[in-house]
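Undergrad: One structure coming up, written as structure tokens, with questions to follow.
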Amino acid sequence: MRSLRPAFILLAPALVLGCKDDPPPTGNPPALPPTTATASAAASGAPAAALAVGSPAPEVTFTLHDGKEVPLSSLSGEQVLVYFYPKDDTPGCTTEAKGLKEQWDALQAAGVKVFGVSTQDEASHKAFIDKYELPFPLVVDTDGSIAAAFEVPLKGGFAARQSFLVGKDGKLAAVWRDVDPATHAETVLAAAKGG
């Protein structure tokens, strides 16, 4: 009589970028960035750790929707929220932007400057700002260089929804690799008040 051996199937959890209301990603998924857990591995010759709390903010210059250029280092002494989102005027991205607008007075009182970053061009950003009367600038990242500096993956040309709070000392005070667009403004405000 033949014995039956149980078959085992290993399933890997899926990585979900953005939210269900954002544009569907196309193309091959990007390589996953290393997690903060790999920080201790750097000394042993393993790959470098991803940006984490306490890391210096990347040396980048933002090109805004109006053409103005702002080096992130020029904002030293202030708290700066750099939030990446997939696409202008899509449901999840609109929810997130409107949430930041609703908390604008409180964010200003906490001393937080806000910069939204996505891969759309100036015209798209201007239309998004005008449509919802957003009080903060949007950064043009059509080549994905700002996303790359912050280790934010692009999928099908769209940035993952991730955010970074840069502290007054120029180091990352908070890192959100999994953002809920409906509650993100309140989360950022709580972190800013704590720092």
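Chain lettering (A, B, ...) mirrors the order of the structure tokens, residue numbering begins at 1 for each chain separately, and ligand numbering begins at 1 in order of display.
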From a DSSP calculation on the backbone, collect every residue of stretch 79-129 of chain A in helix (DSSP H, G or I) and output the set as a PDB file with N, CA, C and O atoms, in the first residue's frame.
TA:
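The resulting file, result_35.pdb, is shown below:
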ATOM      1  N   PRO A  91      -8.720  59.106  -6.098  1.00  0.00           N
ATOM      2  CA  PRO A  91      -9.461  59.122  -4.823  1.00  0.00           C
ATOM      3  C   PRO A  91      -8.600  59.071  -3.561  1.00  0.00           C
ATOM      4  O   PRO A  91      -8.762  59.899  -2.665  1.00  0.00           O
ATOM      5  N   GLY A  92      -7.674  58.113  -3.469  1.00  0.00           N
ATOM      6  CA  GLY A  92      -6.854  58.018  -2.259  1.00  0.00           C
ATOM      7  C   GLY A  92      -5.941  59.213  -2.074  1.00  0.00           C
ATOM      8  O   GLY A  92      -5.778  59.727  -0.960  1.00  0.00           O
ATOM      9  N   CYS A  93      -5.369  59.687  -3.162  1.00  0.00           N
ATOM     10  CA  CYS A  93      -4.455  60.829  -3.089  1.00  0.00           C
ATOM     11  C   CYS A  93      -5.197  62.113  -2.762  1.00  0.00           C
ATOM     12  O   CYS A  93      -4.680  62.982  -2.050  1.00  0.00           O
ATOM     13  N   THR A  94      -6.425  62.235  -3.257  1.00  0.00           N
ATOM     14  CA  THR A  94      -7.247  63.400  -2.938  1.00  0.00           C
ATOM     15  C   THR A  94      -7.639  63.380  -1.465  1.00  0.00           C
ATOM     16  O   THR A  94      -7.585  64.413  -0.785  1.00  0.00           O
ATOM     17  N   THR A  95      -7.995  62.223  -0.954  1.00  0.00           N
ATOM     18  CA  THR A  95      -8.343  62.085   0.464  1.00  0.00           C
ATOM     19  C   THR A  95      -7.174  62.519   1.346  1.00  0.00           C
ATOM     20  O   THR A  95      -7.344  63.262   2.312  1.00  0.00           O
ATOM     21  N   GLU A  96      -5.975  62.066   0.997  1.00  0.00           N
ATOM     22  CA  GLU A  96      -4.792  62.406   1.784  1.00  0.00           C
ATOM     23  C   GLU A  96      -4.512  63.904   1.737  1.00  0.00           C
ATOM     24  O   GLU A  96      -4.268  64.542   2.767  1.00  0.00           O
ATOM     25  N   ALA A  97      -4.551  64.492   0.537  1.00  0.00           N
ATOM     26  CA  ALA A  97      -4.281  65.922   0.385  1.00  0.00           C
ATOM     27  C   ALA A  97      -5.318  66.770   1.108  1.00  0.00           C
ATOM     28  O   ALA A  97      -4.983  67.753   1.780  1.00  0.00           O
ATOM     29  N   LYS A  98      -6.584  66.387   0.997  1.00  0.00           N
ATOM     30  CA  LYS A  98      -7.638  67.146   1.669  1.00  0.00           C
ATOM     31  C   LYS A  98      -7.509  67.026   3.186  1.00  0.00           C
ATOM     32  O   LYS A  98      -7.794  67.976   3.919  1.00  0.00           O
ATOM     33  N   GLY A  99      -7.065  65.876   3.672  1.00  0.00           N
ATOM     34  CA  GLY A  99      -6.842  65.714   5.104  1.00  0.00           C
ATOM     35  C   GLY A  99      -5.765  66.653   5.607  1.00  0.00           C
ATOM     36  O   GLY A  99      -5.904  67.274   6.674  1.00  0.00           O
ATOM     37  N   LEU A 100      -4.684  66.792   4.839  1.00  0.00           N
ATOM     38  CA  LEU A 100      -3.620  67.727   5.215  1.00  0.00           C
ATOM     39  C   LEU A 100      -4.131  69.166   5.154  1.00  0.00           C
ATOM     40  O   LEU A 100      -3.777  69.992   6.003  1.00  0.00           O
ATOM     41  N   LYS A 101      -4.969  69.462   4.177  1.00  0.00           N
ATOM     42  CA  LYS A 101      -5.556  70.807   4.082  1.00  0.00           C
ATOM     43  C   LYS A 101      -6.434  71.100   5.300  1.00  0.00           C
ATOM     44  O   LYS A 101      -6.381  72.191   5.877  1.00  0.00           O
ATOM     45  N   GLU A 102      -7.233  70.107   5.715  1.00  0.00           N
ATOM     46  CA  GLU A 102      -8.119  70.295   6.868  1.00  0.00           C
ATOM     47  C   GLU A 102      -7.334  70.518   8.151  1.00  0.00           C
ATOM     48  O   GLU A 102      -7.786  71.214   9.058  1.00  0.00           O
ATOM     49  N   TRP A 104      -4.402  72.009   8.216  1.00  0.00           N
ATOM     50  CA  TRP A 104      -3.372  72.981   7.863  1.00  0.00           C
ATOM     51  C   TRP A 104      -3.037  73.940   8.998  1.00  0.00           C
ATOM     52  O   TRP A 104      -1.868  74.164   9.307  1.00  0.00           O
ATOM     53  N   ASP A 105      -4.053  74.514   9.634  1.00  0.00           N
ATOM     54  CA  ASP A 105      -3.789  75.468  10.712  1.00  0.00           C
ATOM     55  C   ASP A 105      -3.020  74.808  11.857  1.00  0.00           C
ATOM     56  O   ASP A 105      -2.075  75.391  12.401  1.00  0.00           O
ATOM     57  N   ALA A 106      -3.414  73.587  12.206  1.00  0.00           N
ATOM     58  CA  ALA A 106      -2.734  72.876  13.284  1.00  0.00           C
ATOM     59  C   ALA A 106      -1.306  72.508  12.880  1.00  0.00           C
ATOM     60  O   ALA A 106      -0.374  72.593  13.696  1.00  0.00           O
ATOM     61  N   LEU A 107      -1.115  72.106  11.617  1.00  0.00           N
ATOM     62  CA  LEU A 107       0.229  71.787  11.139  1.00  0.00           C
ATOM     63  C   LEU A 107       1.120  73.026  11.154  1.00  0.00           C
ATOM     64  O   LEU A 107       2.294  72.963  11.541  1.00  0.00           O
ATOM     65  N   GLN A 108       0.551  74.167  10.756  1.00  0.00           N
ATOM     66  CA  GLN A 108       1.310  75.412  10.781  1.00  0.00           C
ATOM     67  C   GLN A 108       1.662  75.804  12.223  1.00  0.00           C
ATOM     68  O   GLN A 108       2.785  76.234  12.490  1.00  0.00           O
ATOM     69  N   ALA A 109       0.712  75.624  13.126  1.00  0.00           N
ATOM     70  CA  ALA A 109       0.967  75.942  14.536  1.00  0.00           C
ATOM     71  C   ALA A 109       2.073  75.056  15.114  1.00  0.00           C
ATOM     72  O   ALA A 109       2.832  75.478  15.985  1.00  0.00           O
ATOM     73  N   GLU A 122       4.324  69.640 -13.895  1.00  0.00           N
ATOM     74  CA  GLU A 122       3.878  70.906 -13.306  1.00  0.00           C
ATOM     75  C   GLU A 122       2.394  71.175 -13.560  1.00  0.00           C
ATOM     76  O   GLU A 122       1.676  71.583 -12.656  1.00  0.00           O
ATOM     77  N   ALA A 123       1.962  70.948 -14.798  1.00  0.00           N
ATOM     78  CA  ALA A 123       0.567  71.244 -15.152  1.00  0.00           C
ATOM     79  C   ALA A 123      -0.400  70.391 -14.338  1.00  0.00           C
ATOM     80  O   ALA A 123      -1.426  70.884 -13.848  1.00  0.00           O
ATOM     81  N   SER A 124      -0.085  69.129 -14.173  1.00  0.00           N
ATOM     82  CA  SER A 124      -0.937  68.233 -13.382  1.00  0.00           C
ATOM     83  C   SER A 124      -0.992  68.686 -11.924  1.00  0.00           C
ATOM     84  O   SER A 124      -2.057  68.739 -11.314  1.00  0.00           O
ATOM     85  N   HIS A 125       0.174  69.037 -11.378  1.00  0.00           N
ATOM     86  CA  HIS A 125       0.221  69.506  -9.990  1.00  0.00           C
ATOM     87  C   HIS A 125      -0.563  70.804  -9.804  1.00  0.00           C
ATOM     88  O   HIS A 125      -1.308  70.960  -8.835  1.00  0.00           O
ATOM     89  N   LYS A 126      -0.405  71.739 -10.732  1.00  0.00           N
ATOM     90  CA  LYS A 126      -1.121  73.013 -10.637  1.00  0.00           C
ATOM     91  C   LYS A 126      -2.630  72.779 -10.668  1.00  0.00           C
ATOM     92  O   LYS A 126      -3.381  73.396  -9.897  1.00  0.00           O
ATOM     93  N   ALA A 127      -3.089  71.900 -11.555  1.00  0.00           N
ATOM     94  CA  ALA A 127      -4.521  71.616 -11.651  1.00  0.00           C
ATOM     95  C   ALA A 127      -5.040  70.991 -10.357  1.00  0.00           C
ATOM     96  O   ALA A 127      -6.146  71.321  -9.891  1.00  0.00           O
ATOM     97  N   PHE A 128      -4.260  70.101  -9.758  1.00  0.00           N
ATOM     98  CA  PHE A 128      -4.644  69.440  -8.501  1.00  0.00           C
ATOM     99  C   PHE A 128      -4.730  70.472  -7.375  1.00  0.00           C
ATOM    100  O   PHE A 128      -5.696  70.489  -6.597  1.00  0.00           O
ATOM    101  N   ILE A 129      -3.742  71.345  -7.295  1.00  0.00           N
ATOM    102  CA  ILE A 129      -3.732  72.397  -6.268  1.00  0.00           C
ATOM    103  C   ILE A 129      -4.936  73.324  -6.447  1.00  0.00           C
ATOM    104  O   ILE A 129      -5.642  73.645  -5.484  1.00  0.00           O
TER     105      ILE A 129
END
Undergrad: Could you give me, as JSON, numbers by chain, the residues within 7 Å of stretch 134-143 of chain A, counting only C-alpha atoms and dropping anything in the same chain fewer than 6 positions from it?
TA: {"A": [62, 63, 64, 65, 101, 114, 115, 116, 117, 118, 119, 120, 121, 122, 125]}
Undergrad: Take the residues from that selection and write them out as a compact mmCIF listing (two decimals), in the first residue's frame, keeping all heavy atoms.
TA:
# COMPACT_ATOMS: atom_id res chain seq x y z
N PHE A 62 14.04 70.25 -4.20
CA PHE A 62 12.69 70.11 -4.73
C PHE A 62 12.47 71.12 -5.86
O PHE A 62 12.78 72.30 -5.70
CB PHE A 62 11.65 70.37 -3.64
CG PHE A 62 11.69 69.43 -2.48
CD1 PHE A 62 11.48 69.90 -1.19
CD2 PHE A 62 11.92 68.07 -2.65
CE1 PHE A 62 11.49 69.04 -0.11
CE2 PHE A 62 11.95 67.20 -1.57
CZ PHE A 62 11.73 67.68 -0.30
N THR A 63 11.91 70.67 -6.97
CA THR A 63 11.40 71.57 -8.00
C THR A 63 9.89 71.59 -7.84
O THR A 63 9.23 70.56 -8.01
CB THR A 63 11.78 71.09 -9.41
OG1 THR A 63 13.21 71.03 -9.51
CG2 THR A 63 11.23 72.04 -10.47
N LEU A 64 9.36 72.74 -7.48
CA LEU A 64 7.94 72.86 -7.17
C LEU A 64 7.09 73.05 -8.43
O LEU A 64 7.61 73.31 -9.52
CB LEU A 64 7.71 74.02 -6.20
CG LEU A 64 8.55 74.00 -4.92
CD1 LEU A 64 8.14 75.15 -4.01
CD2 LEU A 64 8.44 72.67 -4.19
N HIS A 65 5.79 72.96 -8.24
CA HIS A 65 4.84 73.09 -9.34
C HIS A 65 4.93 74.45 -10.04
O HIS A 65 4.54 74.59 -11.19
CB HIS A 65 3.41 72.88 -8.82
CG HIS A 65 3.00 73.92 -7.83
ND1 HIS A 65 3.35 73.86 -6.49
CD2 HIS A 65 2.31 75.08 -7.98
CE1 HIS A 65 2.87 74.93 -5.87
NE2 HIS A 65 2.23 75.68 -6.75
N LYS A 101 -4.97 69.46 4.18
CA LYS A 101 -5.56 70.81 4.08
C LYS A 101 -6.43 71.10 5.30
O LYS A 101 -6.38 72.19 5.88
CB LYS A 101 -6.38 70.92 2.80
CG LYS A 101 -7.10 72.25 2.66
CD LYS A 101 -8.00 72.25 1.43
CE LYS A 101 -8.84 73.51 1.40
NZ LYS A 101 -9.78 73.52 0.25
N VAL A 114 4.98 71.44 4.51
CA VAL A 114 4.50 70.25 3.82
C VAL A 114 4.87 70.32 2.35
O VAL A 114 4.65 71.35 1.69
CB VAL A 114 2.96 70.11 3.96
CG1 VAL A 114 2.45 68.92 3.16
CG2 VAL A 114 2.56 69.99 5.43
N PHE A 115 5.41 69.21 1.84
CA PHE A 115 5.72 69.07 0.42
C PHE A 115 5.19 67.72 -0.05
O PHE A 115 5.63 66.67 0.44
CB PHE A 115 7.24 69.14 0.17
CG PHE A 115 7.84 70.48 0.47
CD1 PHE A 115 8.27 70.78 1.75
CD2 PHE A 115 7.96 71.44 -0.53
CE1 PHE A 115 8.83 72.02 2.04
CE2 PHE A 115 8.53 72.69 -0.24
CZ PHE A 115 8.95 72.98 1.04
N GLY A 116 4.25 67.74 -1.00
CA GLY A 116 3.76 66.51 -1.61
C GLY A 116 4.60 66.21 -2.84
O GLY A 116 4.96 67.11 -3.59
N VAL A 117 4.91 64.93 -3.04
CA VAL A 117 5.78 64.53 -4.15
C VAL A 117 5.13 63.41 -4.95
O VAL A 117 4.71 62.39 -4.38
CB VAL A 117 7.16 64.02 -3.65
CG1 VAL A 117 8.09 63.74 -4.83
CG2 VAL A 117 7.79 64.99 -2.67
N SER A 118 5.04 63.60 -6.27
CA SER A 118 4.62 62.51 -7.15
C SER A 118 5.29 62.71 -8.50
O SER A 118 5.96 63.71 -8.74
CB SER A 118 3.09 62.45 -7.30
OG SER A 118 2.63 63.48 -8.14
N THR A 119 5.08 61.77 -9.40
CA THR A 119 5.80 61.77 -10.68
C THR A 119 5.07 62.55 -11.78
O THR A 119 5.52 62.53 -12.93
CB THR A 119 6.06 60.33 -11.15
OG1 THR A 119 4.82 59.63 -11.24
CG2 THR A 119 6.99 59.60 -10.19
N GLN A 120 3.99 63.24 -11.46
CA GLN A 120 3.30 64.03 -12.49
C GLN A 120 4.04 65.35 -12.73
O GLN A 120 4.85 65.79 -11.92
CB GLN A 120 1.85 64.31 -12.09
CG GLN A 120 0.93 63.11 -12.21
CD GLN A 120 1.16 62.12 -11.09
OE1 GLN A 120 1.00 62.43 -9.93
NE2 GLN A 120 1.57 60.92 -11.45
N ASP A 121 3.70 66.01 -13.83
CA ASP A 121 4.38 67.25 -14.20
C ASP A 121 3.75 68.48 -13.56
O ASP A 121 2.78 68.39 -12.81
CB ASP A 121 4.44 67.39 -15.73
CG ASP A 121 3.06 67.48 -16.37
OD1 ASP A 121 2.06 67.76 -15.68
OD2 ASP A 121 2.99 67.29 -17.61
N GLU A 122 4.32 69.64 -13.90
CA GLU A 122 3.88 70.91 -13.31
C GLU A 122 2.39 71.18 -13.56
O GLU A 122 1.68 71.58 -12.66
CB GLU A 122 4.70 72.08 -13.88
CG GLU A 122 6.16 72.07 -13.50
CD GLU A 122 7.05 71.33 -14.51
OE1 GLU A 122 6.51 70.51 -15.31
OE2 GLU A 122 8.26 71.56 -14.51
N HIS A 125 0.17 69.04 -11.38
CA HIS A 125 0.22 69.51 -9.99
C HIS A 125 -0.56 70.80 -9.80
O HIS A 125 -1.31 70.96 -8.83
CB HIS A 125 1.68 69.73 -9.56
CG HIS A 125 2.42 68.46 -9.23
ND1 HIS A 125 1.83 67.23 -9.12
CD2 HIS A 125 3.75 68.27 -8.97
CE1 HIS A 125 2.75 66.33 -8.81
NE2 HIS A 125 3.92 66.93 -8.71
Undergrad: Quote the spacing between atom CA of A:Gly144 and atom CA of A:Leu165 in Å to one decimal place.
TA: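 Atom CA of A:Gly144 sits 19.4 Å away from atom CA of A:Leu165.
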Undergrad: Considering only C-alpha atoms, can you say which of A:Gly194, A:Val179, A:Leu189, A:Glu133 comes closest to A:Gln103?
TA: A:Leu189
Undergrad: Pick from A:Lys155, A:Lys168, A:Arg161, A:Lys68: nearest to A:Lys113, with only C-alpha atoms counted?
TA: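 So, comparing all the options, the nearest one is A:Lys168.
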Undergrad: Which residues, written as a list of chain:residue names, have at least one atom at most 9 Å from A:Gln79, with only C-alpha atoms counted and residues fewer than 5 positions away on the same chain left out?
TA: A:Ala110, A:Gly111, A:Val112, A:Lys113, A:Val114, A:Leu165, A:Val166, A:Gly167, A:Lys168, A:Asp169, A:Gly170, A:Ala173, A:Ala192, A:Gly195
Undergrad: Residues as selected, C-alpha atoms, written as a JSON list (two decimals), in the first residue's frame, can you do that?
TA:
[["chain", "number", "residue", "atom", "x", "y", "z"],
["A", 110, "ALA", "CA", 3.21, 72.90, 15.05],
["A", 111, "GLY", "CA", 5.76, 74.43, 12.67],
["A", 112, "VAL", "CA", 5.43, 71.84, 9.89],
["A", 113, "LYS", "CA", 6.18, 72.66, 6.26],
["A", 114, "VAL", "CA", 4.50, 70.25, 3.82],
["A", 165, "LEU", "CA", 8.97, 63.87, 8.81],
["A", 166, "VAL", "CA", 12.31, 65.68, 8.85],
["A", 167, "GLY", "CA", 13.12, 67.14, 12.24],
["A", 168, "LYS", "CA", 14.65, 70.53, 12.96],
["A", 169, "ASP", "CA", 18.08, 68.87, 13.12],
["A", 170, "GLY", "CA", 17.80, 67.62, 9.52],
["A", 173, "ALA", "CA", 12.00, 62.18, 13.04],
["A", 192, "ALA", "CA", 5.23, 66.73, 14.93],
["A", 195, "GLY", "CA", 9.16, 66.31, 18.29]]
Undergrad: Please measure the separation of atom CA of A:Gly67 and atom CA of A:Phe150, giving the value in Å to one decimal.
TA: 21.3 Å
Undergrad: To one decimal in Å, tell me the separation between atom CA of A:Ala52 and atom CA of A:Glu151.
TA: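 Computing it gives 10.4 Å between the two atoms.
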Undergrad: Could you check which of A:Ala185, A:Ile146, A:Ala159, A:Val53 is closest to A:Pro71, using only C-alpha atoms?
TA: A:Ile146
Undergrad: Taking into account only C-alpha atoms, which residue in the set A:Pro86, A:Phe164, A:Trp176, A:Ala57 is nearest to A:Ser74?
TA: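 Among A:Pro86, A:Phe164, A:Trp176, A:Ala57, it is A:Ala57 that comes nearest to A:Ser74.
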Undergrad: From a backbone DSSP assignment, name each residue in stretch 53-120 of chain A labelled strand (DSSP E), as JSON, numbers by chain.
TA: {"A": [61, 62, 63, 69, 70, 71, 79, 80, 81, 82, 83, 84, 112, 113, 114, 115, 116, 117, 118]}
Undergrad: Produce a file of the selected residues containing all heavy atoms, as a short mmCIF file (atom, residue, chain, number, x, y, z; two decimals), in the first residue's frame.
TA:
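Final output, saved to again-v3.cif:
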data_model
loop_
_atom_site.label_atom_id
_atom_site.label_comp_id
_atom_site.auth_asym_id
_atom_site.auth_seq_id
_atom_site.Cartn_x
_atom_site.Cartn_y
_atom_site.Cartn_z
N THR A 61 17.03 68.64 -3.87
CA THR A 61 16.44 69.94 -4.15
C THR A 61 15.09 69.70 -4.80
O THR A 61 15.00 68.99 -5.81
CB THR A 61 17.34 70.78 -5.09
OG1 THR A 61 18.57 71.05 -4.41
CG2 THR A 61 16.67 72.10 -5.45
N PHE A 62 14.04 70.25 -4.20
CA PHE A 62 12.69 70.11 -4.73
C PHE A 62 12.47 71.12 -5.86
O PHE A 62 12.78 72.30 -5.70
CB PHE A 62 11.65 70.37 -3.64
CG PHE A 62 11.69 69.43 -2.48
CD1 PHE A 62 11.48 69.90 -1.19
CD2 PHE A 62 11.92 68.07 -2.65
CE1 PHE A 62 11.49 69.04 -0.11
CE2 PHE A 62 11.95 67.20 -1.57
CZ PHE A 62 11.73 67.68 -0.30
N THR A 63 11.91 70.67 -6.97
CA THR A 63 11.40 71.57 -8.00
C THR A 63 9.89 71.59 -7.84
O THR A 63 9.23 70.56 -8.01
CB THR A 63 11.78 71.09 -9.41
OG1 THR A 63 13.21 71.03 -9.51
CG2 THR A 63 11.23 72.04 -10.47
N GLU A 69 12.79 76.34 -6.96
CA GLU A 69 13.62 75.25 -6.44
C GLU A 69 13.91 75.49 -4.97
O GLU A 69 14.26 76.61 -4.57
CB GLU A 69 14.92 75.14 -7.23
CG GLU A 69 14.68 74.67 -8.66
CD GLU A 69 15.95 74.23 -9.36
OE1 GLU A 69 17.06 74.50 -8.84
OE2 GLU A 69 15.83 73.62 -10.43
N VAL A 70 13.74 74.44 -4.16
CA VAL A 70 13.94 74.53 -2.71
C VAL A 70 14.84 73.38 -2.26
O VAL A 70 14.42 72.22 -2.25
CB VAL A 70 12.59 74.45 -1.95
CG1 VAL A 70 12.83 74.52 -0.44
CG2 VAL A 70 11.64 75.54 -2.40
N PRO A 71 16.10 73.67 -1.90
CA PRO A 71 16.94 72.61 -1.32
C PRO A 71 16.38 72.22 0.05
O PRO A 71 16.06 73.10 0.86
CB PRO A 71 18.31 73.28 -1.18
CG PRO A 71 18.26 74.50 -2.05
CD PRO A 71 16.83 74.93 -2.06
N GLN A 79 10.51 71.72 10.93
CA GLN A 79 10.01 70.37 10.66
C GLN A 79 9.42 70.36 9.26
O GLN A 79 8.70 71.29 8.87
CB GLN A 79 8.94 69.97 11.68
CG GLN A 79 9.48 69.82 13.09
CD GLN A 79 8.44 69.20 14.00
OE1 GLN A 79 8.36 67.99 14.12
NE2 GLN A 79 7.62 70.04 14.63
N VAL A 80 9.74 69.31 8.50
CA VAL A 80 9.29 69.23 7.11
C VAL A 80 8.67 67.87 6.85
O VAL A 80 9.32 66.83 7.06
CB VAL A 80 10.47 69.45 6.13
CG1 VAL A 80 9.99 69.38 4.68
CG2 VAL A 80 11.18 70.77 6.41
N LEU A 81 7.42 67.87 6.39
CA LEU A 81 6.78 66.63 5.95
C LEU A 81 7.00 66.49 4.45
O LEU A 81 6.62 67.36 3.67
CB LEU A 81 5.28 66.64 6.24
CG LEU A 81 4.51 65.45 5.65
CD1 LEU A 81 4.93 64.14 6.32
CD2 LEU A 81 3.01 65.67 5.76
N VAL A 82 7.64 65.38 4.05
CA VAL A 82 7.80 65.04 2.64
C VAL A 82 6.93 63.81 2.43
O VAL A 82 7.25 62.73 2.93
CB VAL A 82 9.27 64.73 2.29
CG1 VAL A 82 9.41 64.44 0.80
CG2 VAL A 82 10.18 65.90 2.70
N TYR A 83 5.81 64.01 1.74
CA TYR A 83 4.92 62.87 1.55
C TYR A 83 4.81 62.51 0.08
O TYR A 83 4.62 63.36 -0.77
CB TYR A 83 3.55 63.11 2.21
CG TYR A 83 2.51 63.86 1.40
CD1 TYR A 83 1.56 63.16 0.66
CD2 TYR A 83 2.44 65.25 1.43
CE1 TYR A 83 0.58 63.84 -0.06
CE2 TYR A 83 1.47 65.93 0.72
CZ TYR A 83 0.54 65.22 -0.03
OH TYR A 83 -0.42 65.90 -0.75
N PHE A 84 5.00 61.23 -0.20
CA PHE A 84 4.93 60.70 -1.56
C PHE A 84 3.55 60.09 -1.77
O PHE A 84 3.01 59.42 -0.89
CB PHE A 84 6.01 59.64 -1.77
CG PHE A 84 7.40 60.19 -1.78
CD1 PHE A 84 8.08 60.42 -0.58
CD2 PHE A 84 8.04 60.51 -2.97
CE1 PHE A 84 9.36 60.95 -0.58
CE2 PHE A 84 9.33 61.04 -2.98
CZ PHE A 84 9.99 61.25 -1.77
N VAL A 112 5.15 72.84 10.92
CA VAL A 112 5.43 71.84 9.89
C VAL A 112 5.25 72.43 8.50
O VAL A 112 4.18 72.94 8.18
CB VAL A 112 4.52 70.60 10.05
CG1 VAL A 112 4.81 69.57 8.96
CG2 VAL A 112 4.67 69.98 11.43
N LYS A 113 6.29 72.33 7.68
CA LYS A 113 6.18 72.66 6.26
C LYS A 113 5.84 71.36 5.53
O LYS A 113 6.35 70.30 5.89
CB LYS A 113 7.48 73.24 5.73
CG LYS A 113 7.79 74.62 6.28
CD LYS A 113 8.91 75.28 5.51
CE LYS A 113 9.10 76.72 5.92
NZ LYS A 113 7.99 77.59 5.58
N VAL A 114 4.98 71.44 4.51
CA VAL A 114 4.50 70.25 3.82
C VAL A 114 4.87 70.32 2.35
O VAL A 114 4.65 71.35 1.69
CB VAL A 114 2.96 70.11 3.96
CG1 VAL A 114 2.45 68.92 3.16
CG2 VAL A 114 2.56 69.99 5.43
N PHE A 115 5.41 69.21 1.84
CA PHE A 115 5.72 69.07 0.42
C PHE A 115 5.19 67.72 -0.05
O PHE A 115 5.63 66.67 0.44
CB PHE A 115 7.24 69.14 0.17
CG PHE A 115 7.84 70.48 0.47
CD1 PHE A 115 8.27 70.78 1.75
CD2 PHE A 115 7.96 71.44 -0.53
CE1 PHE A 115 8.83 72.02 2.04
CE2 PHE A 115 8.53 72.69 -0.24
CZ PHE A 115 8.95 72.98 1.04
N GLY A 116 4.25 67.74 -1.00
CA GLY A 116 3.76 66.51 -1.61
C GLY A 116 4.60 66.21 -2.84
O GLY A 116 4.96 67.11 -3.59
N VAL A 117 4.91 64.93 -3.04
CA VAL A 117 5.78 64.53 -4.15
C VAL A 117 5.13 63.41 -4.95
O VAL A 117 4.71 62.39 -4.38
CB VAL A 117 7.16 64.02 -3.65
CG1 VAL A 117 8.09 63.74 -4.83
CG2 VAL A 117 7.79 64.99 -2.67
N SER A 118 5.04 63.60 -6.27
CA SER A 118 4.62 62.51 -7.15
C SER A 118 5.29 62.71 -8.50
O SER A 118 5.96 63.71 -8.74
CB SER A 118 3.09 62.45 -7.30
OG SER A 118 2.63 63.48 -8.14
#
